[in-house]
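Colleague: Have a look at this one before I ask anything.
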Amino acid sequence: ATTRHILSLLPPSLRSFAVGHGSSGGRWLSTAMLHELANRCPSIEALNLGWTKAAEPWRSILEVVALRFPRLVALNIAYAGYLEAGFSNHALDACLAQVKKLKRLRILEAAYLGLDGSDSHFAGGERRAETTAIEAVIAELPDLAYISLAA
């Protein structure tokens, strides 16, 4: 079954969707798939994109998430940037700028990104010396009740 076929079977009232872990032979997350999901299921409030391979830069993926899913209350982006060439702290900051637009967000899973000062999964375990990026996200999301950053 194609991704388009699977999405066509989803009920329009669906409120939660998990893309799932990507493997080397699995499907890749794309902006087109997210647009199609938003068209089919406009009531989505929770998206699990964690540990997913993306066919496009994660910044682009999260731009679509912020644009098409403004009612999100839960988002999992653990291991964002997985297999993305050149993903770095700078690319992560561009992704976090999109997350800050999700003003209703209450739950954020962002493990393995080095936001807690631990080693990140990208750039050979590039360590982030400061935590201002995640502090800025927290400051912009007044309803945030749960955040997971640790690896």
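FYI, nothing fancy with the structure tokens labels: chains A, B, ... in order, residues from 1 per chain, ligands from 1 as they appear.
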Using DSSP secondary structure from the backbone, list all helix (DSSP H, G or I) positions within stretch 30-142 of chain A, as a PyMOL selection string.
Modeller: chain A and resi 31-40+58-68+89-99+132-140
Colleague: Using only C-alpha atoms, which protein or nucleic acid residues come within 7 Å of A:Glu56? Drop anything in the same chain fewer than 4 positions from it, and give the result as a list in words.
Modeller: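 Everything that qualifies: Ser30, Ser60 and Ile61 of chain A.
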Colleague: Dump N, CA and C atoms for the selected residues as a tab-separated table (two decimals), in the first residue's frame?
Modeller:
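Output file part_19.tsv follows:
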```
chain	number	residue	atom	x	y	z
A	30	SER	N	7.55	13.42	4.35
A	30	SER	CA	7.67	14.51	3.38
A	30	SER	C	6.65	15.59	3.66
A	60	SER	N	11.92	22.34	6.75
A	60	SER	CA	10.76	22.36	5.86
A	60	SER	C	9.61	21.53	6.41
A	61	ILE	N	9.95	20.38	6.96
A	61	ILE	CA	8.93	19.51	7.57
A	61	ILE	C	8.20	20.27	8.68
```
Colleague: Using only C-alpha atoms, which residue out of A:Gly81, A:Pro142, A:Gly86, A:Pro70 lies closest to A:Gln98?
Modeller: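 Closest to A:Gln98 of all the choices is A:Pro70.
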Colleague: Within 8 Å of A:Val137, counting only C-alpha atoms, which residues show up once you throw out same-chain ones fewer than 6 positions away? Write them as a PyMOL selection string, please.
Modeller: chain A and resi 96-97+99-100
Colleague: Leaving out A:Leu92 and any residue of its chain fewer than 4 positions from it, which residues lie within 10 Å of it when counting only C-alpha atoms, given as a PyMOL selection string?
Modeller: chain A and resi 58-59+80-81+87-88+96-97+113-115+122+133
Colleague: Would you output that residue set with N, CA, C and O atoms, as a PDB file, in the first residue's frame?
Modeller:
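After the write, out15.pdb holds the following:
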```pdb
ATOM      1  N   TRP A  58      14.449  18.964   7.746  1.00  0.00           N
ATOM      2  CA  TRP A  58      13.519  19.006   8.873  1.00  0.00           C
ATOM      3  C   TRP A  58      12.927  20.387   9.076  1.00  0.00           C
ATOM      4  O   TRP A  58      11.806  20.534   9.530  1.00  0.00           O
ATOM      5  N   ARG A  59      13.675  21.419   8.741  1.00  0.00           N
ATOM      6  CA  ARG A  59      13.139  22.775   8.828  1.00  0.00           C
ATOM      7  C   ARG A  59      11.877  22.891   7.967  1.00  0.00           C
ATOM      8  O   ARG A  59      10.864  23.432   8.396  1.00  0.00           O
ATOM      9  N   ALA A  80      15.099  14.261  15.445  1.00  0.00           N
ATOM     10  CA  ALA A  80      14.906  15.025  14.201  1.00  0.00           C
ATOM     11  C   ALA A  80      16.265  15.229  13.540  1.00  0.00           C
ATOM     12  O   ALA A  80      17.281  15.377  14.210  1.00  0.00           O
ATOM     13  N   GLY A  81      16.279  15.229  12.244  1.00  0.00           N
ATOM     14  CA  GLY A  81      17.522  15.380  11.511  1.00  0.00           C
ATOM     15  C   GLY A  81      18.216  14.070  11.219  1.00  0.00           C
ATOM     16  O   GLY A  81      19.270  14.031  10.598  1.00  0.00           O
ATOM     17  N   PHE A  87      22.950  18.316   9.035  1.00  0.00           N
ATOM     18  CA  PHE A  87      22.136  18.730  10.181  1.00  0.00           C
ATOM     19  C   PHE A  87      23.077  19.082  11.318  1.00  0.00           C
ATOM     20  O   PHE A  87      24.001  18.353  11.627  1.00  0.00           O
ATOM     21  N   SER A  88      22.841  20.239  11.926  1.00  0.00           N
ATOM     22  CA  SER A  88      23.746  20.759  12.954  1.00  0.00           C
ATOM     23  C   SER A  88      22.942  21.565  13.951  1.00  0.00           C
ATOM     24  O   SER A  88      21.718  21.667  13.845  1.00  0.00           O
ATOM     25  N   LEU A  96      13.543  24.632  15.709  1.00  0.00           N
ATOM     26  CA  LEU A  96      12.932  25.105  16.949  1.00  0.00           C
ATOM     27  C   LEU A  96      12.146  26.387  16.728  1.00  0.00           C
ATOM     28  O   LEU A  96      11.134  26.626  17.394  1.00  0.00           O
ATOM     29  N   ALA A  97      12.578  27.210  15.780  1.00  0.00           N
ATOM     30  CA  ALA A  97      11.835  28.432  15.454  1.00  0.00           C
ATOM     31  C   ALA A  97      10.431  28.080  14.962  1.00  0.00           C
ATOM     32  O   ALA A  97       9.470  28.810  15.232  1.00  0.00           O
ATOM     33  N   LEU A 113      18.603  15.407  20.769  1.00  0.00           N
ATOM     34  CA  LEU A 113      18.964  16.585  19.983  1.00  0.00           C
ATOM     35  C   LEU A 113      20.019  17.434  20.673  1.00  0.00           C
ATOM     36  O   LEU A 113      20.425  18.462  20.154  1.00  0.00           O
ATOM     37  N   GLY A 114      20.449  17.012  21.858  1.00  0.00           N
ATOM     38  CA  GLY A 114      21.489  17.732  22.577  1.00  0.00           C
ATOM     39  C   GLY A 114      21.011  19.012  23.244  1.00  0.00           C
ATOM     40  O   GLY A 114      21.818  19.832  23.660  1.00  0.00           O
ATOM     41  N   LEU A 115      19.702  19.191  23.359  1.00  0.00           N
ATOM     42  CA  LEU A 115      19.166  20.428  23.931  1.00  0.00           C
ATOM     43  C   LEU A 115      19.363  20.525  25.439  1.00  0.00           C
ATOM     44  O   LEU A 115      19.245  21.603  26.009  1.00  0.00           O
ATOM     45  N   PHE A 122      23.795  14.303  15.837  1.00  0.00           N
ATOM     46  CA  PHE A 122      24.319  14.796  14.568  1.00  0.00           C
ATOM     47  C   PHE A 122      25.708  15.399  14.729  1.00  0.00           C
ATOM     48  O   PHE A 122      26.151  15.674  15.833  1.00  0.00           O
ATOM     49  N   ALA A 133      18.540  27.968  23.340  1.00  0.00           N
ATOM     50  CA  ALA A 133      17.593  27.609  22.280  1.00  0.00           C
ATOM     51  C   ALA A 133      16.330  26.992  22.861  1.00  0.00           C
ATOM     52  O   ALA A 133      15.218  27.377  22.507  1.00  0.00           O
TER      53      ALA A 133
END
```
Colleague: Once you count only C-alpha atoms, what closest atom pair and distance in Å to one decimal does each residue of stretch 64-145 of chain A within 7 Å of stretch 37-50 of chain A have, with rows by chain and rising residue number, as a Markdown table?
Modeller:
```
| residue | atom | partner | partner_atom | distance |
| --- | --- | --- | --- | --- |
| A:Arg68 | CA | A:Ala38 | CA | 6.1 |
| A:Phe69 | CA | A:Ile44 | CA | 6.9 |
| A:Arg71 | CA | A:Glu45 | CA | 5.7 |
| A:Leu72 | CA | A:Glu45 | CA | 4.2 |
| A:Val73 | CA | A:Glu45 | CA | 5.4 |
| A:Ala74 | CA | A:Ala46 | CA | 4.5 |
| A:Leu75 | CA | A:Leu47 | CA | 5.0 |
| A:Asn76 | CA | A:Asn48 | CA | 4.6 |
| A:Ile77 | CA | A:Gly50 | CA | 4.5 |
| A:Ala78 | CA | A:Gly50 | CA | 4.4 |
| A:Tyr79 | CA | A:Gly50 | CA | 6.0 |
| A:Ala80 | CA | A:Gly50 | CA | 6.6 |
```
Colleague: Write out, as an mmCIF file, in the first residue's frame, the residues just selected, with N, CA, C and O atoms.
Modeller:
```
data_model
loop_
_atom_site.group_PDB
_atom_site.id
_atom_site.type_symbol
_atom_site.label_atom_id
_atom_site.label_comp_id
_atom_site.auth_asym_id
_atom_site.auth_seq_id
_atom_site.Cartn_x
_atom_site.Cartn_y
_atom_site.Cartn_z
ATOM 1 N N ARG A 68 0.135 23.880 8.996
ATOM 2 C CA ARG A 68 -1.051 23.062 8.748
ATOM 3 C C ARG A 68 -1.665 22.435 9.999
ATOM 4 O O ARG A 68 -2.785 21.954 9.961
ATOM 5 N N PHE A 69 -0.915 22.413 11.105
ATOM 6 C CA PHE A 69 -1.419 21.793 12.342
ATOM 7 C C PHE A 69 -1.322 22.786 13.509
ATOM 8 O O PHE A 69 -0.693 22.498 14.522
ATOM 9 N N ARG A 71 -3.310 23.548 15.757
ATOM 10 C CA ARG A 71 -3.985 23.112 16.989
ATOM 11 C C ARG A 71 -3.232 22.018 17.726
ATOM 12 O O ARG A 71 -3.758 21.441 18.676
ATOM 13 N N LEU A 72 -2.013 21.734 17.323
ATOM 14 C CA LEU A 72 -1.257 20.665 17.981
ATOM 15 C C LEU A 72 -1.071 20.939 19.468
ATOM 16 O O LEU A 72 -0.699 22.042 19.856
ATOM 17 N N VAL A 73 -1.322 19.916 20.259
ATOM 18 C CA VAL A 73 -1.040 20.003 21.691
ATOM 19 C C VAL A 73 0.111 19.065 22.061
ATOM 20 O O VAL A 73 0.676 19.190 23.147
ATOM 21 N N ALA A 74 0.463 18.141 21.168
ATOM 22 C CA ALA A 74 1.562 17.209 21.435
ATOM 23 C C ALA A 74 2.370 16.990 20.160
ATOM 24 O O ALA A 74 1.801 16.767 19.091
ATOM 25 N N LEU A 75 3.688 17.051 20.296
ATOM 26 C CA LEU A 75 4.577 16.856 19.154
ATOM 27 C C LEU A 75 5.815 16.101 19.607
ATOM 28 O O LEU A 75 6.452 16.465 20.593
ATOM 29 N N ASN A 76 6.157 15.051 18.866
ATOM 30 C CA ASN A 76 7.372 14.298 19.110
ATOM 31 C C ASN A 76 8.302 14.514 17.926
ATOM 32 O O ASN A 76 7.966 14.132 16.802
ATOM 33 N N ILE A 77 9.453 15.133 18.182
ATOM 34 C CA ILE A 77 10.478 15.312 17.146
ATOM 35 C C ILE A 77 11.800 14.702 17.599
ATOM 36 O O ILE A 77 12.867 15.125 17.158
ATOM 37 N N ALA A 78 11.726 13.707 18.477
ATOM 38 C CA ALA A 78 12.944 13.048 18.948
ATOM 39 C C ALA A 78 13.750 12.553 17.750
ATOM 40 O O ALA A 78 13.204 11.993 16.806
ATOM 41 N N TYR A 79 15.027 12.814 17.792
ATOM 42 C CA TYR A 79 15.962 12.378 16.754
ATOM 43 C C TYR A 79 15.699 13.061 15.412
ATOM 44 O O TYR A 79 15.990 12.523 14.351
ATOM 45 N N ALA A 80 15.099 14.261 15.445
ATOM 46 C CA ALA A 80 14.906 15.025 14.201
ATOM 47 C C ALA A 80 16.265 15.229 13.540
ATOM 48 O O ALA A 80 17.281 15.377 14.210
#
```
Colleague: Please, which residues of stretch 11-131 of chain A, numbered as in this document, come out strand (DSSP E or B) from DSSP, as a PyMOL selection string?
Modeller: chain A and resi 16-18+29+46-48+54+74-76+107-109+119+127
Colleague: Any chance you can output those residues with N, CA, C and O atoms as a PDB file, in the first residue's frame?
Modeller:
```pdb
ATOM      1  N   SER A  16      -4.890  11.932  16.441  1.00  0.00           N
ATOM      2  CA  SER A  16      -3.511  11.597  16.755  1.00  0.00           C
ATOM      3  C   SER A  16      -2.936  10.748  15.628  1.00  0.00           C
ATOM      4  O   SER A  16      -3.611   9.855  15.119  1.00  0.00           O
ATOM      5  N   PHE A  17      -1.683  11.031  15.252  1.00  0.00           N
ATOM      6  CA  PHE A  17      -1.070  10.283  14.153  1.00  0.00           C
ATOM      7  C   PHE A  17       0.412  10.095  14.437  1.00  0.00           C
ATOM      8  O   PHE A  17       1.111  11.048  14.799  1.00  0.00           O
ATOM      9  N   ALA A  18       0.897   8.877  14.277  1.00  0.00           N
ATOM     10  CA  ALA A  18       2.318   8.558  14.441  1.00  0.00           C
ATOM     11  C   ALA A  18       2.870   8.066  13.116  1.00  0.00           C
ATOM     12  O   ALA A  18       2.330   7.132  12.530  1.00  0.00           O
ATOM     13  N   LEU A  29       9.321  10.633   5.588  1.00  0.00           N
ATOM     14  CA  LEU A  29       8.407  11.728   5.870  1.00  0.00           C
ATOM     15  C   LEU A  29       8.638  12.839   4.845  1.00  0.00           C
ATOM     16  O   LEU A  29       9.774  13.159   4.521  1.00  0.00           O
ATOM     17  N   ALA A  46      -2.174  15.694  17.874  1.00  0.00           N
ATOM     18  CA  ALA A  46      -0.924  15.078  18.328  1.00  0.00           C
ATOM     19  C   ALA A  46      -0.234  14.423  17.135  1.00  0.00           C
ATOM     20  O   ALA A  46      -0.851  13.644  16.406  1.00  0.00           O
ATOM     21  N   LEU A  47       1.039  14.759  16.954  1.00  0.00           N
ATOM     22  CA  LEU A  47       1.845  14.178  15.879  1.00  0.00           C
ATOM     23  C   LEU A  47       3.106  13.568  16.469  1.00  0.00           C
ATOM     24  O   LEU A  47       3.828  14.220  17.224  1.00  0.00           O
ATOM     25  N   ASN A  48       3.362  12.321  16.108  1.00  0.00           N
ATOM     26  CA  ASN A  48       4.585  11.655  16.516  1.00  0.00           C
ATOM     27  C   ASN A  48       5.451  11.497  15.273  1.00  0.00           C
ATOM     28  O   ASN A  48       5.186  10.641  14.435  1.00  0.00           O
ATOM     29  N   ALA A  54      13.394  11.867   7.007  1.00  0.00           N
ATOM     30  CA  ALA A  54      12.681  12.879   6.233  1.00  0.00           C
ATOM     31  C   ALA A  54      13.266  12.978   4.829  1.00  0.00           C
ATOM     32  O   ALA A  54      14.484  12.956   4.656  1.00  0.00           O
ATOM     33  N   ALA A  74       0.463  18.141  21.168  1.00  0.00           N
ATOM     34  CA  ALA A  74       1.562  17.209  21.435  1.00  0.00           C
ATOM     35  C   ALA A  74       2.370  16.990  20.160  1.00  0.00           C
ATOM     36  O   ALA A  74       1.801  16.767  19.091  1.00  0.00           O
ATOM     37  N   LEU A  75       3.688  17.051  20.296  1.00  0.00           N
ATOM     38  CA  LEU A  75       4.577  16.856  19.154  1.00  0.00           C
ATOM     39  C   LEU A  75       5.815  16.101  19.607  1.00  0.00           C
ATOM     40  O   LEU A  75       6.452  16.465  20.593  1.00  0.00           O
ATOM     41  N   ASN A  76       6.157  15.051  18.866  1.00  0.00           N
ATOM     42  CA  ASN A  76       7.372  14.298  19.110  1.00  0.00           C
ATOM     43  C   ASN A  76       8.302  14.514  17.926  1.00  0.00           C
ATOM     44  O   ASN A  76       7.966  14.132  16.802  1.00  0.00           O
ATOM     45  N   ILE A 107       2.833  19.262  25.130  1.00  0.00           N
ATOM     46  CA  ILE A 107       3.775  18.154  25.268  1.00  0.00           C
ATOM     47  C   ILE A 107       4.781  18.222  24.112  1.00  0.00           C
ATOM     48  O   ILE A 107       4.380  18.257  22.950  1.00  0.00           O
ATOM     49  N   LEU A 108       6.062  18.226  24.448  1.00  0.00           N
ATOM     50  CA  LEU A 108       7.113  18.238  23.441  1.00  0.00           C
ATOM     51  C   LEU A 108       8.148  17.184  23.786  1.00  0.00           C
ATOM     52  O   LEU A 108       8.755  17.214  24.854  1.00  0.00           O
ATOM     53  N   GLU A 109       8.340  16.254  22.881  1.00  0.00           N
ATOM     54  CA  GLU A 109       9.371  15.221  22.995  1.00  0.00           C
ATOM     55  C   GLU A 109      10.474  15.605  22.012  1.00  0.00           C
ATOM     56  O   GLU A 109      10.239  15.646  20.800  1.00  0.00           O
ATOM     57  N   ASP A 119      25.288  14.995  24.415  1.00  0.00           N
ATOM     58  CA  ASP A 119      25.692  14.837  23.023  1.00  0.00           C
ATOM     59  C   ASP A 119      24.466  14.695  22.137  1.00  0.00           C
ATOM     60  O   ASP A 119      23.504  14.013  22.488  1.00  0.00           O
ATOM     61  N   ARG A 127      28.259  18.882  20.794  1.00  0.00           N
ATOM     62  CA  ARG A 127      27.723  19.256  22.109  1.00  0.00           C
ATOM     63  C   ARG A 127      27.333  20.737  22.085  1.00  0.00           C
ATOM     64  O   ARG A 127      28.060  21.574  21.593  1.00  0.00           O
TER      65      ARG A 127
END
```
Colleague: Residues within 8 Å of A:Arg106, please, as a PDB file with N, CA and C atoms, in the first residue's frame. Count only C-alpha atoms; anything in the same chain fewer than 5 positions from it doesn't count.
Modeller:
```pdb
ATOM      1  N   VAL A  73      -1.322  19.916  20.259  1.00  0.00           N
ATOM      2  CA  VAL A  73      -1.040  20.003  21.691  1.00  0.00           C
ATOM      3  C   VAL A  73       0.111  19.065  22.061  1.00  0.00           C
ATOM      4  N   ALA A  74       0.463  18.141  21.168  1.00  0.00           N
ATOM      5  CA  ALA A  74       1.562  17.209  21.435  1.00  0.00           C
ATOM      6  C   ALA A  74       2.370  16.990  20.160  1.00  0.00           C
ATOM      7  N   LEU A 141       5.987  29.087  24.629  1.00  0.00           N
ATOM      8  CA  LEU A 141       4.883  28.126  24.715  1.00  0.00           C
ATOM      9  C   LEU A 141       4.288  28.136  26.118  1.00  0.00           C
ATOM     10  N   ASP A 143       1.561  27.144  27.446  1.00  0.00           N
ATOM     11  CA  ASP A 143       0.801  25.986  27.927  1.00  0.00           C
ATOM     12  C   ASP A 143       1.644  24.720  28.047  1.00  0.00           C
ATOM     13  N   LEU A 144       2.932  24.809  27.749  1.00  0.00           N
ATOM     14  CA  LEU A 144       3.789  23.630  27.796  1.00  0.00           C
ATOM     15  C   LEU A 144       3.788  23.034  29.204  1.00  0.00           C
ATOM     16  N   ALA A 145       3.385  21.767  29.297  1.00  0.00           N
ATOM     17  CA  ALA A 145       3.287  21.100  30.594  1.00  0.00           C
ATOM     18  C   ALA A 145       4.307  19.970  30.732  1.00  0.00           C
ATOM     19  N   TYR A 146       4.815  19.455  29.605  1.00  0.00           N
ATOM     20  CA  TYR A 146       5.752  18.326  29.654  1.00  0.00           C
ATOM     21  C   TYR A 146       6.743  18.488  28.499  1.00  0.00           C
TER      22      TYR A 146
END
```
Colleague: Provide the atom CA of A:Tyr82 to atom CA of A:Leu14 distance in Å, to one decimal place.
Modeller: 26.8 Å
